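The block underneath contains the structure these notes are about, expressed in structure tokens.
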Amino acid sequence: MVYFVGAGPGAPDLITVRGLNLLKSADVVIYAGSLVNPEILQNCKADAKIFDSAKMTLQEVLQEIFQAEEKNLTTVRLHSGDPSIYGTIREQADALAGRGIKFEVVPGVSSFLAAAASLKSELTLPSVTQSIMITRFAGRTPTPEREQLKNLARHKTTLCIFLSIQMLAEVVEDLKAAELSDATPIVIVFHASRPDEKIIRGTLSDIVEKVAPKNFKRTALILVGEVFNKNADYAESKLYDANFSHMFRDKKI
């Protein structure tokens with residue numbers, strides 16, 4: 001059996017209980033070494049075979065899985081965050097299905113959620129935005145024209161931008177091209193949930209200058225939107241409003 005497991009955002013104790021139990025029992029573990037915190041591997045059993053997929057091609061990854069299946073071994077394919085977000089699991093899953101190999105996907109805590117927790121921030125606020133966009137800046141993997149950042153940002157939702165920190169200046173230019181003001185809040189969260197986590201707050205006018213000395217290359221999220229404005233003018237939720245009734249509570253006033 002093969003399990004695609006989300007390792008979580010980085011802190012070893014933010015992997016799910018299910019994921020942790022599978023990791024502890026796995027015979028073969030193939031982890032995304034460029035992103036997964038190696039401390040999580042301390043949960044593997046002593047005789048587990050461990051491979052760093054950052055140094056492997058897709059075919060090499062699949063070959064190790066196929067060999068494990070032939071020996072009736074359990075494989076955990078350990079991805080950072082949640083496997084469904086930029087996890088590249090589709091091409092692996094298709095190859096397994098083509099051979100009739102059974103697999104399951106175990107969700108994980110995404111880094112954008114860990115970043116929001118570190119910021120003590122809601123990503124949706126009544127009257128500010130009720131939508132979140134998860135995206136990335138076009139790099140080696142292109143984005144369709146309709147999904148280019150300058151087009152998405154016009155909606156003025158909360159933006160969670162992955163895999164783009166090395167192109168921060170270009171990201172800011174696209175956000176400005178979307179007619180976001182220079183005062184728009186933008187936050188960079190490096191290594192969300194890890195002991196060396198770093199948070200840099202700014203606006204479109206100064207964030208590039210603030211981040212430049214840090215020399216972040218990866219594992220840093222770019223978060224944009226008015227929800228990160230500490231003085232945001234938001235409406236209170238109707239859910240707990242004494243003047244508002246719903247199926248669990250009558251009006252209190």
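So you can find residues: chains in the structure tokens are A, B, ... in the order shown, residues in each start at 1, and ligands are numbered from 1 in order.
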For stretch 102-184 of chain A versus stretch 201-224 of chain A, which residues have an atom no more than 12 Å away, and what is each residue's nearest atom pair and distance in Å rounded to one decimal, using only C-alpha atoms, chain-then-number order, as a tab-separated table?
residue	atom	partner	partner_atom	distance
A:Ser110	CA	A:Leu221	CA	11.0
A:Ser111	CA	A:Leu221	CA	7.8
A:Phe112	CA	A:Leu221	CA	7.1
A:Leu113	CA	A:Leu221	CA	10.6
A:Ala114	CA	A:Leu221	CA	10.4
A:Ala115	CA	A:Leu221	CA	7.8
A:Ala116	CA	A:Leu223	CA	9.0
A:Leu119	CA	A:Arg201	CA	9.9
A:Ser121	CA	A:Leu223	CA	11.1
A:Glu122	CA	A:Leu223	CA	11.9
A:Leu123	CA	A:Leu223	CA	9.5
A:Thr124	CA	A:Val224	CA	12.0
A:Thr129	CA	A:Val224	CA	11.8
A:Ile132	CA	A:Val224	CA	10.0
A:Met133	CA	A:Val224	CA	9.9
A:Ile134	CA	A:Leu223	CA	9.6
A:Thr135	CA	A:Ile222	CA	10.0
A:Arg136	CA	A:Ile222	CA	9.3
A:Phe137	CA	A:Ile222	CA	10.4
A:Leu149	CA	A:Val224	CA	11.6
A:Leu152	CA	A:Val224	CA	11.9
A:Ala153	CA	A:Val224	CA	9.2
A:His155	CA	A:Val224	CA	11.9
A:Lys156	CA	A:Val224	CA	8.9
A:Thr157	CA	A:Val224	CA	8.4
A:Thr158	CA	A:Val224	CA	5.8
A:Leu159	CA	A:Val224	CA	5.0
A:Cys160	CA	A:Leu223	CA	4.8
A:Ile161	CA	A:Ile222	CA	5.0
A:Phe162	CA	A:Leu221	CA	5.5
A:Leu163	CA	A:Arg218	CA	6.7
A:Ser164	CA	A:Ile222	CA	7.6
A:Ile165	CA	A:Ala220	CA	6.1
A:Gln166	CA	A:Lys217	CA	5.4
A:Met167	CA	A:Lys217	CA	9.2
A:Leu168	CA	A:Val208	CA	6.6
A:Ala169	CA	A:Val208	CA	6.1
A:Glu170	CA	A:Val208	CA	9.7
A:Val171	CA	A:Ile222	CA	9.1
A:Val172	CA	A:Leu204	CA	6.2
A:Glu173	CA	A:Leu204	CA	8.7
A:Asp174	CA	A:Leu204	CA	10.5
A:Leu175	CA	A:Leu204	CA	8.0
A:Lys176	CA	A:Leu204	CA	7.7
A:Ala177	CA	A:Leu204	CA	11.4
A:Ala178	CA	A:Leu204	CA	11.9
A:Glu179	CA	A:Leu204	CA	11.2
A:Leu180	CA	A:Leu204	CA	8.4
A:Ser181	CA	A:Leu204	CA	7.4
A:Asp182	CA	A:Leu204	CA	4.9
A:Ala183	CA	A:Thr203	CA	5.3
A:Thr184	CA	A:Thr203	CA	5.3
Based on the backbone DSSP call, show me all residues of stretch 59-167 of chain A assigned alpha helix (DSSP H), as a ChimeraX atom specification.
/A:59-70,89-98,111-119,149-152
Grab the residues selected above and save them as an mmCIF file, in the first residue's frame with N, CA and C atoms.
data_model
loop_
_atom_site.group_PDB
_atom_site.id
_atom_site.type_symbol
_atom_site.label_atom_id
_atom_site.label_comp_id
_atom_site.auth_asym_id
_atom_site.auth_seq_id
_atom_site.Cartn_x
_atom_site.Cartn_y
_atom_site.Cartn_z
ATOM 1 N N GLN A 59 10.781 9.017 -12.347
ATOM 2 C CA GLN A 59 10.923 7.585 -12.608
ATOM 3 C C GLN A 59 11.676 6.871 -11.497
ATOM 4 N N GLU A 60 12.646 7.544 -10.889
ATOM 5 C CA GLU A 60 13.379 6.932 -9.780
ATOM 6 C C GLU A 60 12.486 6.783 -8.555
ATOM 7 N N VAL A 61 11.643 7.782 -8.306
ATOM 8 C CA VAL A 61 10.684 7.691 -7.200
ATOM 9 C C VAL A 61 9.742 6.516 -7.427
ATOM 10 N N LEU A 62 9.190 6.448 -8.629
ATOM 11 C CA LEU A 62 8.247 5.374 -8.940
ATOM 12 C C LEU A 62 8.907 4.004 -8.859
ATOM 13 N N GLN A 63 10.156 3.916 -9.284
ATOM 14 C CA GLN A 63 10.848 2.634 -9.247
ATOM 15 C C GLN A 63 10.987 2.125 -7.827
ATOM 16 N N GLU A 64 11.273 3.011 -6.875
ATOM 17 C CA GLU A 64 11.377 2.594 -5.477
ATOM 18 C C GLU A 64 10.014 2.135 -4.943
ATOM 19 N N ILE A 65 8.965 2.833 -5.359
ATOM 20 C CA ILE A 65 7.616 2.431 -4.933
ATOM 21 C C ILE A 65 7.249 1.073 -5.520
ATOM 22 N N PHE A 66 7.537 0.884 -6.807
ATOM 23 C CA PHE A 66 7.220 -0.391 -7.461
ATOM 24 C C PHE A 66 7.963 -1.545 -6.784
ATOM 25 N N GLN A 67 9.230 -1.326 -6.466
ATOM 26 C CA GLN A 67 10.016 -2.384 -5.817
ATOM 27 C C GLN A 67 9.465 -2.700 -4.430
ATOM 28 N N ALA A 68 9.033 -1.676 -3.716
ATOM 29 C CA ALA A 68 8.443 -1.893 -2.391
ATOM 30 C C ALA A 68 7.158 -2.695 -2.508
ATOM 31 N N GLU A 69 6.359 -2.391 -3.526
ATOM 32 C CA GLU A 69 5.106 -3.123 -3.728
ATOM 33 C C GLU A 69 5.360 -4.592 -4.046
ATOM 34 N N GLU A 70 6.398 -4.854 -4.813
ATOM 35 C CA GLU A 70 6.735 -6.238 -5.144
ATOM 36 C C GLU A 70 7.107 -7.038 -3.904
ATOM 37 N N ILE A 89 1.216 15.225 -6.956
ATOM 38 C CA ILE A 89 0.861 13.823 -6.707
ATOM 39 C C ILE A 89 0.092 13.204 -7.868
ATOM 40 N N ARG A 90 -0.505 14.013 -8.720
ATOM 41 C CA ARG A 90 -1.339 13.459 -9.792
ATOM 42 C C ARG A 90 -0.537 12.530 -10.696
ATOM 43 N N GLU A 91 0.662 12.972 -11.092
ATOM 44 C CA GLU A 91 1.441 12.152 -12.018
ATOM 45 C C GLU A 91 1.907 10.859 -11.351
ATOM 46 N N GLN A 92 2.151 10.911 -10.048
ATOM 47 C CA GLN A 92 2.517 9.699 -9.322
ATOM 48 C C GLN A 92 1.306 8.773 -9.175
ATOM 49 N N ALA A 93 0.175 9.356 -8.820
ATOM 50 C CA ALA A 93 -1.037 8.563 -8.632
ATOM 51 C C ALA A 93 -1.463 7.886 -9.932
ATOM 52 N N ASP A 94 -1.346 8.601 -11.043
ATOM 53 C CA ASP A 94 -1.707 8.015 -12.337
ATOM 54 C C ASP A 94 -0.824 6.816 -12.655
ATOM 55 N N ALA A 95 0.459 6.938 -12.338
ATOM 56 C CA ALA A 95 1.386 5.828 -12.598
ATOM 57 C C ALA A 95 1.056 4.626 -11.722
ATOM 58 N N LEU A 96 0.681 4.887 -10.476
ATOM 59 C CA LEU A 96 0.312 3.778 -9.586
ATOM 60 C C LEU A 96 -0.980 3.116 -10.051
ATOM 61 N N ALA A 97 -1.953 3.936 -10.407
ATOM 62 C CA ALA A 97 -3.229 3.387 -10.882
ATOM 63 C C ALA A 97 -3.034 2.558 -12.139
ATOM 64 N N GLY A 98 -2.101 2.984 -12.978
ATOM 65 C CA GLY A 98 -1.821 2.237 -14.213
ATOM 66 C C GLY A 98 -1.297 0.847 -13.958
ATOM 67 N N SER A 111 1.010 25.247 4.861
ATOM 68 C CA SER A 111 1.812 26.336 5.425
ATOM 69 C C SER A 111 1.056 27.658 5.450
ATOM 70 N N PHE A 112 0.086 27.850 4.535
ATOM 71 C CA PHE A 112 -0.640 29.123 4.576
ATOM 72 C C PHE A 112 -1.531 29.192 5.819
ATOM 73 N N LEU A 113 -1.973 28.048 6.303
ATOM 74 C CA LEU A 113 -2.759 28.008 7.535
ATOM 75 C C LEU A 113 -1.860 28.212 8.755
ATOM 76 N N ALA A 114 -0.678 27.613 8.720
ATOM 77 C CA ALA A 114 0.273 27.821 9.808
ATOM 78 C C ALA A 114 0.719 29.280 9.862
ATOM 79 N N ALA A 115 0.882 29.897 8.688
ATOM 80 C CA ALA A 115 1.267 31.301 8.644
ATOM 81 C C ALA A 115 0.190 32.186 9.251
ATOM 82 N N ALA A 116 -1.071 31.900 8.915
ATOM 83 C CA ALA A 116 -2.184 32.667 9.482
ATOM 84 C C ALA A 116 -2.227 32.508 11.001
ATOM 85 N N ALA A 117 -1.928 31.304 11.480
ATOM 86 C CA ALA A 117 -1.911 31.066 12.924
ATOM 87 C C ALA A 117 -0.806 31.874 13.594
ATOM 88 N N SER A 118 0.361 31.908 12.972
ATOM 89 C CA SER A 118 1.473 32.673 13.533
ATOM 90 C C SER A 118 1.160 34.165 13.557
ATOM 91 N N LEU A 119 0.420 34.615 12.551
ATOM 92 C CA LEU A 119 0.040 36.026 12.476
ATOM 93 C C LEU A 119 -1.148 36.346 13.373
ATOM 94 N N LEU A 149 -1.102 36.729 -11.882
ATOM 95 C CA LEU A 149 -1.330 37.434 -10.631
ATOM 96 C C LEU A 149 -2.002 38.786 -10.828
ATOM 97 N N LYS A 150 -1.617 39.500 -11.859
ATOM 98 C CA LYS A 150 -2.199 40.821 -12.105
ATOM 99 C C LYS A 150 -3.692 40.731 -12.397
ATOM 100 N N ASN A 151 -4.149 39.570 -12.856
ATOM 101 C CA ASN A 151 -5.579 39.376 -13.102
ATOM 102 C C ASN A 151 -6.307 38.902 -11.840
ATOM 103 N N LEU A 152 -5.710 37.990 -11.107
ATOM 104 C CA LEU A 152 -6.348 37.492 -9.877
ATOM 105 C C LEU A 152 -6.444 38.585 -8.818
#
Spatial neighbours of A:Gly87, 10 Å, only C-alpha atoms, chain gap at least 4 places, as a PDB file with N, CA and C atoms, in the first residue's frame:
ATOM      1  N   PHE A   4       0.184   8.792   0.338  1.00  0.00           N
ATOM      2  CA  PHE A   4       0.677  10.148   0.155  1.00  0.00           C
ATOM      3  C   PHE A   4       0.285  10.918   1.416  1.00  0.00           C
ATOM      4  N   GLY A   6       0.619  14.270   3.989  1.00  0.00           N
ATOM      5  CA  GLY A   6       1.009  15.655   4.194  1.00  0.00           C
ATOM      6  C   GLY A   6       1.780  15.779   5.490  1.00  0.00           C
ATOM      7  N   ALA A  32      10.036  14.745   0.473  1.00  0.00           N
ATOM      8  CA  ALA A  32      10.454  15.893  -0.339  1.00  0.00           C
ATOM      9  C   ALA A  32      11.493  16.683   0.442  1.00  0.00           C
ATOM     10  N   LEU A  78       6.062  11.247   1.491  1.00  0.00           N
ATOM     11  CA  LEU A  78       5.878  12.356   2.421  1.00  0.00           C
ATOM     12  C   LEU A  78       6.062  13.698   1.721  1.00  0.00           C
ATOM     13  N   HIS A  79       4.962  14.443   1.631  1.00  0.00           N
ATOM     14  CA  HIS A  79       4.976  15.757   0.989  1.00  0.00           C
ATOM     15  C   HIS A  79       4.866  16.855   2.038  1.00  0.00           C
ATOM     16  N   SER A  80       5.364  18.027   1.721  1.00  0.00           N
ATOM     17  CA  SER A  80       5.244  19.151   2.649  1.00  0.00           C
ATOM     18  C   SER A  80       3.817  19.681   2.649  1.00  0.00           C
ATOM     19  N   GLY A  81       3.420  20.281   3.776  1.00  0.00           N
ATOM     20  CA  GLY A  81       2.090  20.877   3.864  1.00  0.00           C
ATOM     21  C   GLY A  81       1.005  19.860   3.617  1.00  0.00           C
ATOM     22  N   ASP A  82       0.143  20.160   2.670  1.00  0.00           N
ATOM     23  CA  ASP A  82      -0.910  19.242   2.241  1.00  0.00           C
ATOM     24  C   ASP A  82      -0.588  18.784   0.822  1.00  0.00           C
ATOM     25  N   PRO A  83      -0.703  17.493   0.528  1.00  0.00           N
ATOM     26  CA  PRO A  83      -0.318  16.986  -0.797  1.00  0.00           C
ATOM     27  C   PRO A  83      -1.109  17.580  -1.961  1.00  0.00           C
ATOM     28  N   GLU A  91       0.662  12.972 -11.092  1.00  0.00           N
ATOM     29  CA  GLU A  91       1.441  12.152 -12.018  1.00  0.00           C
ATOM     30  C   GLU A  91       1.907  10.859 -11.351  1.00  0.00           C
TER      31      GLU A  91
END
Of the residues A:Tyr240, A:Thr88, A:Gly225, A:Val105, which is the one nearest to A:Arg154, using only C-alpha atoms?
A:Gly225
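Using only C-alpha atoms, the shortest contact distance between A:Lys71 and any of A:Val28, A:Leu239, A:Ile200, A:Leu14 is found at A:Val28.
Nearest to A:Asn229 of all the residues A:Leu73, A:Val17, A:Val128, A:Ile188 is A:Val128, counting only C-alpha atoms.
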